[in-house]
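Data file: upload38.cif. Format and content: mmCIF, C-alpha atoms.
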```cif
data_data
loop_
_atom_site.label_atom_id
_atom_site.label_comp_id
_atom_site.auth_asym_id
_atom_site.auth_seq_id
_atom_site.Cartn_x
_atom_site.Cartn_y
_atom_site.Cartn_z
CA MET A 1 0.00 0.00 0.00
CA GLY A 2 3.01 2.25 0.23
CA LEU A 3 2.98 2.88 -3.51
CA VAL A 4 -0.63 3.95 -3.36
CA ARG A 5 0.04 6.38 -0.53
CA GLY A 6 2.92 7.83 -2.51
CA ASP A 7 5.43 7.49 0.33
CA VAL A 8 7.84 5.25 -1.55
CA ASP A 9 10.82 6.51 -3.54
CA VAL A 10 9.90 5.02 -6.93
CA ALA A 11 13.44 5.39 -8.31
CA SER A 12 14.88 3.46 -5.36
CA LEU A 13 12.16 0.83 -5.70
CA SER A 14 12.91 0.37 -9.40
CA ASP A 15 16.62 -0.01 -8.64
CA ALA A 16 15.87 -2.61 -5.98
CA ILE A 17 13.68 -4.56 -8.39
CA SER A 18 16.39 -4.53 -11.06
CA ARG A 19 18.85 -6.01 -8.55
CA ALA A 20 16.44 -8.66 -7.28
CA ASP A 21 16.72 -12.28 -8.31
CA ARG A 22 14.53 -13.16 -11.27
CA VAL A 23 11.74 -15.67 -10.65
CA ALA A 24 9.45 -17.51 -13.05
CA ALA A 25 6.04 -15.88 -13.43
CA ALA A 26 4.35 -19.24 -12.85
CA SER A 27 5.92 -19.42 -9.38
CA VAL A 28 4.35 -16.14 -8.25
CA VAL A 29 1.21 -16.55 -6.12
CA PRO A 30 -1.13 -13.56 -6.56
CA ALA A 31 -2.29 -11.62 -3.53
CA LEU A 32 -4.99 -9.00 -3.15
CA PRO A 33 -3.82 -5.74 -4.77
CA ILE A 34 -4.58 -4.01 -1.45
CA ALA A 35 -4.26 -6.36 1.52
CA ARG A 36 -6.89 -4.64 3.66
CA PRO A 37 -8.74 -1.93 1.72
CA GLY A 38 -10.53 0.63 3.84
CA LYS A 39 -13.60 0.67 1.59
CA VAL A 40 -14.79 -1.49 -1.29
CA VAL A 41 -17.64 0.38 -2.94
CA CYS A 42 -19.65 -1.44 -5.62
CA LEU A 43 -22.05 -0.22 -8.29
CA GLY A 44 -24.97 -2.60 -8.60
CA LEU A 45 -26.55 -1.27 -11.80
CA ASN A 46 -24.25 0.36 -14.34
CA TYR A 47 -25.05 -1.29 -17.71
CA VAL A 48 -28.52 -0.71 -19.19
CA ASP A 49 -28.97 -4.23 -20.57
CA HIS A 50 -27.99 -5.74 -17.23
CA ILE A 51 -30.49 -3.47 -15.48
CA LYS A 52 -33.23 -4.68 -17.82
CA GLU A 53 -32.38 -8.38 -17.48
CA GLY A 54 -32.67 -8.01 -13.70
CA GLY A 55 -36.10 -6.42 -13.94
CA TYR A 56 -35.02 -3.05 -12.54
CA GLU A 57 -35.70 0.46 -13.77
CA VAL A 58 -32.75 2.53 -14.94
CA PRO A 59 -31.73 4.49 -11.81
CA VAL A 60 -31.16 8.23 -11.68
CA TYR A 61 -28.58 7.74 -8.92
CA PRO A 62 -26.09 4.85 -8.82
CA ALA A 63 -27.07 1.76 -6.81
CA LEU A 64 -24.18 1.55 -4.35
CA PHE A 65 -23.31 -1.10 -1.76
CA LEU A 66 -20.24 -2.20 0.20
CA ARG A 67 -18.34 -5.48 0.34
CA CYS A 68 -16.58 -6.63 3.51
CA GLN A 69 -13.06 -7.99 3.84
CA THR A 70 -14.00 -11.65 4.39
CA SER A 71 -15.90 -11.75 1.10
CA LEU A 72 -12.76 -10.91 -0.88
CA MET A 73 -9.85 -13.03 -2.00
CA ALA A 74 -7.01 -12.99 -4.51
CA ALA A 75 -7.36 -14.15 -8.09
CA GLY A 76 -6.63 -17.86 -8.38
CA GLU A 77 -8.04 -18.71 -4.98
CA PRO A 78 -11.28 -20.74 -5.01
CA MET A 79 -14.67 -19.09 -5.01
CA VAL A 80 -16.75 -20.88 -2.41
CA ARG A 81 -20.33 -21.93 -3.17
CA PRO A 82 -22.01 -21.81 0.24
CA SER A 83 -23.66 -24.89 1.70
CA CYS A 84 -26.95 -23.00 2.14
CA SER A 85 -27.41 -22.18 -1.56
CA GLU A 86 -26.64 -23.43 -5.06
CA ARG A 87 -27.27 -20.02 -6.65
CA LEU A 88 -23.73 -18.71 -6.89
CA ASP A 89 -23.57 -16.23 -9.78
CA TYR A 90 -20.73 -14.42 -11.56
CA GLU A 91 -20.26 -10.72 -12.41
CA VAL A 92 -17.15 -9.51 -14.23
CA GLU A 93 -16.36 -5.90 -13.31
CA LEU A 94 -13.76 -3.22 -13.81
CA MET A 95 -12.31 -2.22 -10.45
CA VAL A 96 -10.71 1.14 -9.69
CA ILE A 97 -7.99 1.51 -7.05
CA ILE A 98 -7.81 4.96 -5.49
CA GLY A 99 -4.30 6.43 -5.22
CA LYS A 100 -5.04 9.92 -3.95
CA GLY A 101 -7.80 10.54 -1.46
CA GLY A 102 -10.21 13.40 -1.16
CA LYS A 103 -13.71 14.66 -0.41
CA HIS A 104 -16.02 16.47 -2.85
CA ILE A 105 -13.74 15.58 -5.76
CA PRO A 106 -14.81 17.40 -8.96
CA GLU A 107 -15.59 15.07 -11.83
CA GLU A 108 -13.10 16.83 -14.09
CA GLU A 109 -10.31 16.10 -11.56
CA ALA A 110 -11.43 12.62 -10.52
CA LEU A 111 -9.20 10.56 -12.83
CA SER A 112 -6.11 12.09 -11.22
CA HIS A 113 -7.11 10.21 -8.06
CA VAL A 114 -6.85 6.78 -9.75
CA PHE A 115 -3.81 4.65 -8.95
CA GLY A 116 -4.76 1.80 -11.24
CA TYR A 117 -7.33 -0.62 -12.61
CA THR A 118 -7.85 -4.31 -11.94
CA ILE A 119 -10.53 -7.01 -12.35
CA PHE A 120 -13.25 -8.00 -9.91
CA ASN A 121 -15.67 -10.94 -10.05
CA ASP A 122 -18.60 -9.88 -7.88
CA GLY A 123 -19.74 -13.38 -6.92
CA SER A 124 -23.37 -13.12 -5.81
CA VAL A 125 -25.59 -15.62 -3.99
CA ARG A 126 -28.82 -14.62 -5.68
CA ASP A 127 -31.49 -16.09 -3.38
CA TYR A 128 -29.87 -14.31 -0.41
CA GLN A 129 -29.49 -11.11 -2.44
CA ARG A 130 -33.25 -11.16 -3.11
CA LYS A 131 -34.26 -11.77 0.51
CA THR A 132 -34.14 -8.02 1.18
CA HIS A 133 -34.07 -4.71 -0.67
CA GLN A 134 -30.60 -4.25 0.81
CA TRP A 135 -28.21 -6.56 -1.08
CA THR A 136 -25.68 -7.06 1.72
CA PRO A 137 -26.21 -10.79 2.46
CA GLY A 138 -26.01 -12.00 -1.14
CA LYS A 139 -22.99 -9.85 -1.89
CA ASN A 140 -20.90 -10.73 1.16
CA PHE A 141 -20.64 -14.50 1.49
CA ASP A 142 -17.11 -15.52 2.45
CA ALA A 143 -14.63 -15.96 -0.42
CA THR A 144 -16.95 -14.98 -3.26
CA GLY A 145 -15.17 -11.85 -4.57
CA PRO A 146 -11.86 -12.51 -6.35
CA ILE A 147 -9.75 -9.48 -7.31
CA GLY A 148 -6.69 -9.19 -9.55
CA PRO A 149 -4.22 -10.55 -10.34
CA ASP A 150 -2.86 -7.55 -12.26
CA VAL A 151 -3.09 -3.82 -11.60
CA VAL A 152 -2.64 -1.62 -14.66
CA THR A 153 -1.80 2.06 -14.28
CA PRO A 154 -3.97 4.65 -16.07
CA ASP A 155 -1.28 5.57 -18.62
CA GLU A 156 -1.53 2.06 -20.11
CA LEU A 157 -5.27 2.28 -20.85
CA PRO A 158 -7.68 4.67 -22.57
CA GLU A 159 -8.72 7.60 -20.39
CA GLY A 160 -11.18 6.38 -17.78
CA ALA A 161 -10.67 2.77 -19.00
CA VAL A 162 -13.41 3.19 -21.61
CA GLY A 163 -13.78 1.04 -24.71
CA LEU A 164 -12.30 -2.13 -23.18
CA LYS A 165 -13.78 -5.53 -23.95
CA ILE A 166 -15.13 -7.09 -20.76
CA GLU A 167 -16.02 -10.78 -20.66
CA SER A 168 -16.69 -13.76 -18.38
CA ARG A 169 -16.63 -17.43 -19.34
CA VAL A 170 -16.33 -21.01 -18.17
CA GLY A 171 -14.15 -22.94 -20.58
CA ASP A 172 -15.42 -22.19 -24.10
CA GLU A 173 -18.79 -20.99 -22.79
CA ILE A 174 -19.06 -17.22 -23.09
CA LEU A 175 -21.20 -15.95 -20.22
CA GLN A 176 -20.88 -12.16 -20.57
CA SER A 177 -19.36 -10.04 -23.33
CA ALA A 178 -19.58 -6.25 -23.62
CA THR A 179 -17.48 -3.09 -23.51
CA THR A 180 -16.76 -0.67 -20.70
CA SER A 181 -18.05 2.10 -22.97
CA ASP A 182 -21.54 0.82 -22.07
CA MET A 183 -21.23 1.98 -18.45
CA LEU A 184 -23.87 4.50 -17.37
CA TRP A 185 -21.64 6.11 -14.76
CA SER A 186 -18.07 6.68 -15.86
CA VAL A 187 -15.12 6.19 -13.55
CA ALA A 188 -14.76 9.95 -13.09
CA ARG A 189 -18.44 10.50 -12.38
CA THR A 190 -18.50 7.60 -9.93
CA ILE A 191 -15.49 8.87 -7.97
CA ALA A 192 -17.08 12.30 -7.77
CA THR A 193 -20.40 10.81 -6.62
CA VAL A 194 -18.90 8.58 -3.93
CA SER A 195 -16.73 11.41 -2.62
CA GLU A 196 -19.82 13.55 -2.04
CA TYR A 197 -20.75 11.40 0.98
CA SER A 198 -17.53 9.58 1.92
CA THR A 199 -13.93 10.67 2.07
CA LEU A 200 -12.00 8.49 -0.36
CA GLU A 201 -8.65 7.25 0.90
CA PRO A 202 -5.62 5.72 -0.83
CA GLY A 203 -6.22 2.00 -1.27
CA ASP A 204 -10.01 2.25 -1.42
CA MET A 205 -11.49 0.31 -4.33
CA ILE A 206 -14.57 0.92 -6.47
CA ALA A 207 -16.18 -1.84 -8.56
CA MET A 208 -17.85 -0.42 -11.65
CA GLY A 209 -20.77 -2.82 -12.16
CA THR A 210 -21.31 -5.74 -14.50
CA PRO A 211 -22.61 -6.10 -18.08
CA PRO A 212 -25.55 -8.33 -19.11
CA GLY A 213 -25.40 -12.11 -19.23
CA VAL A 214 -25.43 -12.99 -15.53
CA GLY A 215 -26.56 -16.47 -14.58
CA HIS A 216 -29.83 -15.64 -12.83
CA ALA A 217 -31.16 -13.94 -15.99
CA LYS A 218 -30.57 -16.93 -18.26
CA THR A 219 -33.21 -19.58 -19.06
CA PRO A 220 -32.66 -21.87 -17.30
CA PRO A 221 -30.49 -20.02 -14.74
CA ARG A 222 -26.78 -20.69 -15.10
CA TRP A 223 -25.19 -21.05 -11.66
CA LEU A 224 -21.50 -21.69 -11.05
CA ARG A 225 -20.84 -25.32 -10.16
CA PRO A 226 -18.07 -26.93 -8.10
CA GLY A 227 -15.31 -28.21 -10.34
CA GLU A 228 -15.65 -25.37 -12.85
CA THR A 229 -13.24 -22.48 -13.29
CA VAL A 230 -14.73 -19.09 -14.07
CA GLU A 231 -12.63 -16.50 -15.89
CA ALA A 232 -13.25 -12.76 -15.78
CA GLU A 233 -11.28 -10.86 -18.43
CA ILE A 234 -10.87 -7.20 -19.31
CA GLU A 235 -8.94 -6.12 -22.37
CA GLY A 236 -5.58 -4.59 -21.49
CA ILE A 237 -5.77 -5.69 -17.86
CA GLY A 238 -5.79 -9.48 -17.79
CA ILE A 239 -7.72 -12.50 -16.57
CA CYS A 240 -9.03 -13.22 -13.08
CA ALA A 241 -9.53 -17.00 -12.95
CA SER A 242 -11.16 -18.77 -10.01
CA PRO A 243 -11.95 -22.45 -9.42
CA ILE A 244 -15.34 -23.12 -7.82
CA VAL A 245 -15.51 -25.28 -4.70
CA ALA A 246 -18.42 -26.30 -2.48
CA GLU A 247 -18.18 -25.06 1.10
CA GLU A 248 -18.80 -28.56 2.47
CA ASP A 249 -16.02 -30.05 0.33
CA LEU A 250 -13.64 -27.30 1.39
CA ALA A 251 -14.46 -27.95 5.04
CA ARG A 252 -13.74 -31.68 4.63
CA THR A 253 -10.42 -30.96 2.92
CA GLU A 254 -9.35 -28.54 5.65
CA ALA A 255 -10.37 -31.01 8.37
CA ALA A 256 -8.24 -33.72 6.76
CA GLU A 257 -5.12 -31.57 6.61
#
```
Encoded form (structure tokens):
Amino acid sequence: MGLVRGDVDVASLSDAISRADRVAAASVVPALPIARPGKVVCLGLNYVDHIKEGGYEVPVYPALFLRCQTSLMAAGEPMVRPSCSERLDYEVELMVIIGKGGKHIPEEEALSHVFGYTIFNDGSVRDYQRKTHQWTPGKNFDATGPIGPDVVTPDELPEGAVGLKIESRVGDEILQSATTSDMLWSVARTIATVSEYSTLEPGDMIAMGTPPGVGHAKTPPRWLRPGETVEAEIEGIGICASPIVAEEDLARTEAAE
């Protein structure tokens, strides 16, 4: 998190990296981009076709909710289908990492507050999400929100990360496919909106909503199943891949170790 706060001498860091022993990329185990983010703010409805497939009206103010720390994990770690439900759904999303904090950030200055962009799969347990008008239960089951593995700085992408292909799939099965240009609320507008009510801090993360094609809207519904691997991909950023495991199987494995 030091890089995000801006308290690291980047030149010294680069020199240290150049002197470090080289390791094979395959041997690197991804971690969360921010180990313990202060806030993870999520947009629930930010693509018109996704709004329609869910049976909602297009909102005039973004549908915002929070995800807690225990619901998050690094890319490559298993997404856990809970024992109380089989309705584990997928949602590929662009995620923004805040590098410079602030309150009441003007939209025209908002992109200067972005440290980088990564990928988020907003795993959602749909029957629990629908139990209440507040989405907290369905969006916060343990180990359902993989993030990463790569963080791309803004200079490597189009301004505001617009025009990027965004897709989710299991094997050869394309689940979602769209472009970030379809977002209702841009990255800049979203940062400005969130900062109206909450001081943004370095290391906070904002998930920018998902395009159409989610499992609960398909006929029949397409839930994630243990044994599958779901991939969330955004052009220019990378792939967030997660194997699916059943909570009961994971508990048996951990008990045997």
Return as JSON the centre and edge lengths, in Å with one decimal, of the box along x, y and z that encloses every atom of stretch 40-55 of chain A in the file, padded by 4 Å per side.
```
{"center_x": -25.4, "center_y": -4.0, "center_z": -10.9, "size_x": 29.3, "size_y": 16.8, "size_z": 27.3}
```
*Applied to the shown file, which residues does the PyMOL selection byres ((chain A and resi 210-221) around 6) return, written as an NGL selection string?*
:A and (47 or 49-50 or 53 or 89 or 91-93 or 175-176 or 209 or 222-223)
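Residues within 9 Å of A:Arg169, counting all atoms listed in the file and excluding same-chain residues fewer than 6 positions away, are Leu175, Gln176, Ser177, Thr229, Val230, Glu231, Ala232 and Glu233 of chain A.
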Generate a file of the selected residues that holds C-alpha atoms, formatted as an mmCIF file, in the frame of the given file.
```
data_model
loop_
_atom_site.group_PDB
_atom_site.id
_atom_site.type_symbol
_atom_site.label_atom_id
_atom_site.label_comp_id
_atom_site.auth_asym_id
_atom_site.auth_seq_id
_atom_site.Cartn_x
_atom_site.Cartn_y
_atom_site.Cartn_z
ATOM 1 C CA LEU A 175 -21.200 -15.950 -20.220
ATOM 2 C CA GLN A 176 -20.880 -12.160 -20.570
ATOM 3 C CA SER A 177 -19.360 -10.040 -23.330
ATOM 4 C CA THR A 229 -13.240 -22.480 -13.290
ATOM 5 C CA VAL A 230 -14.730 -19.090 -14.070
ATOM 6 C CA GLU A 231 -12.630 -16.500 -15.890
ATOM 7 C CA ALA A 232 -13.250 -12.760 -15.780
ATOM 8 C CA GLU A 233 -11.280 -10.860 -18.430
#
```
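Nearest residue to A:Ser83, choosing from A:Val194, A:Met95, A:Val29, A:Leu250 and counting all atoms listed in the file: A:Leu250.
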*Which residues match the PyMOL selection byres ((chain A and resi 101) around 8) in the file above, as a VMD selection string?*
chain A and resid 98 to 100 102 to 103 113 199 to 202
*Got a sec: who's within 10 Å of A:Tyr197, counting only C-alpha atoms, leaving out chain neighbours fewer than 4 positions off, as a list in words?*
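Final neighbour list, sorted by chain and number: Lys103, His104, Ala192 and Thr193 of chain A.
Each of A:Glu248, A:Glu159, A:Glu173, A:Glu228 was checked against A:Cys84 using all atoms listed in the file; the smallest atom-to-atom distance is that of A:Glu248.
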_Surrounding residues of A:Asn140 excluding itself and chain neighbours under 6 positions, 9 Å, all atoms listed in the file, as JSON, numbers by chain_ = {"A": [66, 67, 68, 69, 70, 71, 72, 123, 124, 125]}
Store the residues picked out above in a file with C-alpha atoms, as a short mmCIF file (atom, residue, chain, number, x, y, z; two decimals), in the frame of the given file.
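New file result.cif:
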```cif
data_model
loop_
_atom_site.label_atom_id
_atom_site.label_comp_id
_atom_site.auth_asym_id
_atom_site.auth_seq_id
_atom_site.Cartn_x
_atom_site.Cartn_y
_atom_site.Cartn_z
CA LEU A 66 -20.24 -2.20 0.20
CA ARG A 67 -18.34 -5.48 0.34
CA CYS A 68 -16.58 -6.63 3.51
CA GLN A 69 -13.06 -7.99 3.84
CA THR A 70 -14.00 -11.65 4.39
CA SER A 71 -15.90 -11.75 1.10
CA LEU A 72 -12.76 -10.91 -0.88
CA GLY A 123 -19.74 -13.38 -6.92
CA SER A 124 -23.37 -13.12 -5.81
CA VAL A 125 -25.59 -15.62 -3.99
#
```
*Using the chain letters and numbering of this document, enumerate as an MDAnalysis selection string the residues selected by the PyMOL selection byres ((chain A and resi 188) around 9).*
chainID A and resid 106:111 160 185:187 189:193
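Taking all atoms listed in the file into account, A:Ile166 lies nearest to A:Cys240 out of the set A:Ile97, A:Ile206, A:Ile105, A:Cys240.
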*Write out as a ChimeraX atom specification which residues come within 10 Å of A:Tyr61 when counting only C-alpha atoms, dropping same-chain ones fewer than 2 positions away.*
/A:45,58-59,63-64,185,193
_Closest of A:Phe65, A:Pro154, A:Pro226, A:Ala74 to A:His133 - atom-to-atom distances counting only C-alpha atoms_ =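 Under the stated criterion, the closest residue is A:Phe65.
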_Residue list as number ranges by chain for point (-6.6, -5.1, -9.5), cut-off 12 Å, only C-alpha atoms_ = A: 30-35, 37, 73-75, 93-98, 114-121, 145-153, 203-207, 232-234, 237-240
Residue rebuild result stretch 53-64 of chain A, all heavy atoms as a compact mmCIF listing (two decimals), in the frame of the given file:
```txt
# COMPACT_ATOMS: atom_id res chain seq x y z
N GLU A 53 -32.27 -6.94 -17.69
CA GLU A 53 -32.38 -8.38 -17.48
C GLU A 53 -32.68 -8.72 -16.03
O GLU A 53 -33.22 -9.78 -15.73
CB GLU A 53 -31.10 -9.09 -17.93
CG GLU A 53 -29.90 -8.89 -17.03
CD GLU A 53 -28.64 -9.63 -17.50
OE1 GLU A 53 -28.72 -10.34 -18.52
OE2 GLU A 53 -27.59 -9.47 -16.83
N GLY A 54 -32.36 -7.79 -15.12
CA GLY A 54 -32.67 -8.01 -13.70
C GLY A 54 -34.05 -7.52 -13.30
O GLY A 54 -34.44 -7.70 -12.14
N GLY A 55 -34.75 -6.89 -14.23
CA GLY A 55 -36.10 -6.42 -13.94
C GLY A 55 -36.15 -5.11 -13.18
O GLY A 55 -37.17 -4.77 -12.58
N TYR A 56 -35.07 -4.34 -13.23
CA TYR A 56 -35.02 -3.05 -12.54
C TYR A 56 -35.27 -1.90 -13.52
O TYR A 56 -35.11 -2.05 -14.74
CB TYR A 56 -33.65 -2.84 -11.88
CG TYR A 56 -33.31 -3.82 -10.80
CD1 TYR A 56 -32.50 -4.93 -11.07
CD2 TYR A 56 -33.78 -3.67 -9.51
CE1 TYR A 56 -32.16 -5.83 -10.08
CE2 TYR A 56 -33.45 -4.56 -8.50
CZ TYR A 56 -32.64 -5.65 -8.80
OH TYR A 56 -32.31 -6.55 -7.82
N GLU A 57 -35.63 -0.76 -12.98
CA GLU A 57 -35.70 0.46 -13.77
C GLU A 57 -34.33 1.13 -13.77
O GLU A 57 -33.56 1.01 -12.81
CB GLU A 57 -36.75 1.42 -13.20
CG GLU A 57 -38.18 0.89 -13.29
CD GLU A 57 -39.19 1.91 -12.81
OE1 GLU A 57 -38.77 3.02 -12.39
OE2 GLU A 57 -40.39 1.61 -12.85
N VAL A 58 -34.04 1.84 -14.86
CA VAL A 58 -32.75 2.53 -14.94
C VAL A 58 -32.72 3.61 -13.85
O VAL A 58 -33.58 4.49 -13.81
CB VAL A 58 -32.56 3.17 -16.33
CG1 VAL A 58 -31.26 3.96 -16.37
CG2 VAL A 58 -32.55 2.09 -17.41
N PRO A 59 -31.75 3.55 -12.95
CA PRO A 59 -31.73 4.49 -11.81
C PRO A 59 -31.24 5.88 -12.22
O PRO A 59 -30.51 6.03 -13.20
CB PRO A 59 -30.76 3.83 -10.84
CG PRO A 59 -29.82 3.06 -11.72
CD PRO A 59 -30.65 2.57 -12.88
N VAL A 60 -31.66 6.86 -11.45
CA VAL A 60 -31.16 8.23 -11.68
C VAL A 60 -29.98 8.53 -10.76
O VAL A 60 -29.34 9.57 -10.90
CB VAL A 60 -32.29 9.27 -11.45
CG1 VAL A 60 -33.39 9.07 -12.47
CG2 VAL A 60 -32.84 9.18 -10.04
N TYR A 61 -29.72 7.64 -9.82
CA TYR A 61 -28.58 7.74 -8.92
C TYR A 61 -28.00 6.34 -8.81
O TYR A 61 -28.75 5.36 -8.75
CB TYR A 61 -29.03 8.25 -7.55
CG TYR A 61 -27.90 8.55 -6.58
CD1 TYR A 61 -27.27 9.79 -6.58
CD2 TYR A 61 -27.47 7.60 -5.66
CE1 TYR A 61 -26.24 10.08 -5.69
CE2 TYR A 61 -26.44 7.87 -4.77
CZ TYR A 61 -25.83 9.12 -4.79
OH TYR A 61 -24.80 9.41 -3.92
N PRO A 62 -26.68 6.19 -8.80
CA PRO A 62 -26.09 4.85 -8.82
C PRO A 62 -26.50 4.00 -7.61
O PRO A 62 -26.58 4.50 -6.48
CB PRO A 62 -24.58 5.12 -8.82
CG PRO A 62 -24.42 6.51 -8.34
CD PRO A 62 -25.64 7.25 -8.77
N ALA A 63 -26.76 2.72 -7.87
CA ALA A 63 -27.07 1.76 -6.81
C ALA A 63 -25.75 1.32 -6.19
O ALA A 63 -24.99 0.56 -6.80
CB ALA A 63 -27.83 0.58 -7.37
N LEU A 64 -25.47 1.78 -4.99
CA LEU A 64 -24.18 1.55 -4.35
C LEU A 64 -24.33 0.62 -3.14
O LEU A 64 -25.31 0.70 -2.40
CB LEU A 64 -23.57 2.88 -3.89
CG LEU A 64 -23.29 3.89 -5.00
CD1 LEU A 64 -22.96 5.26 -4.40
CD2 LEU A 64 -22.14 3.42 -5.89
```
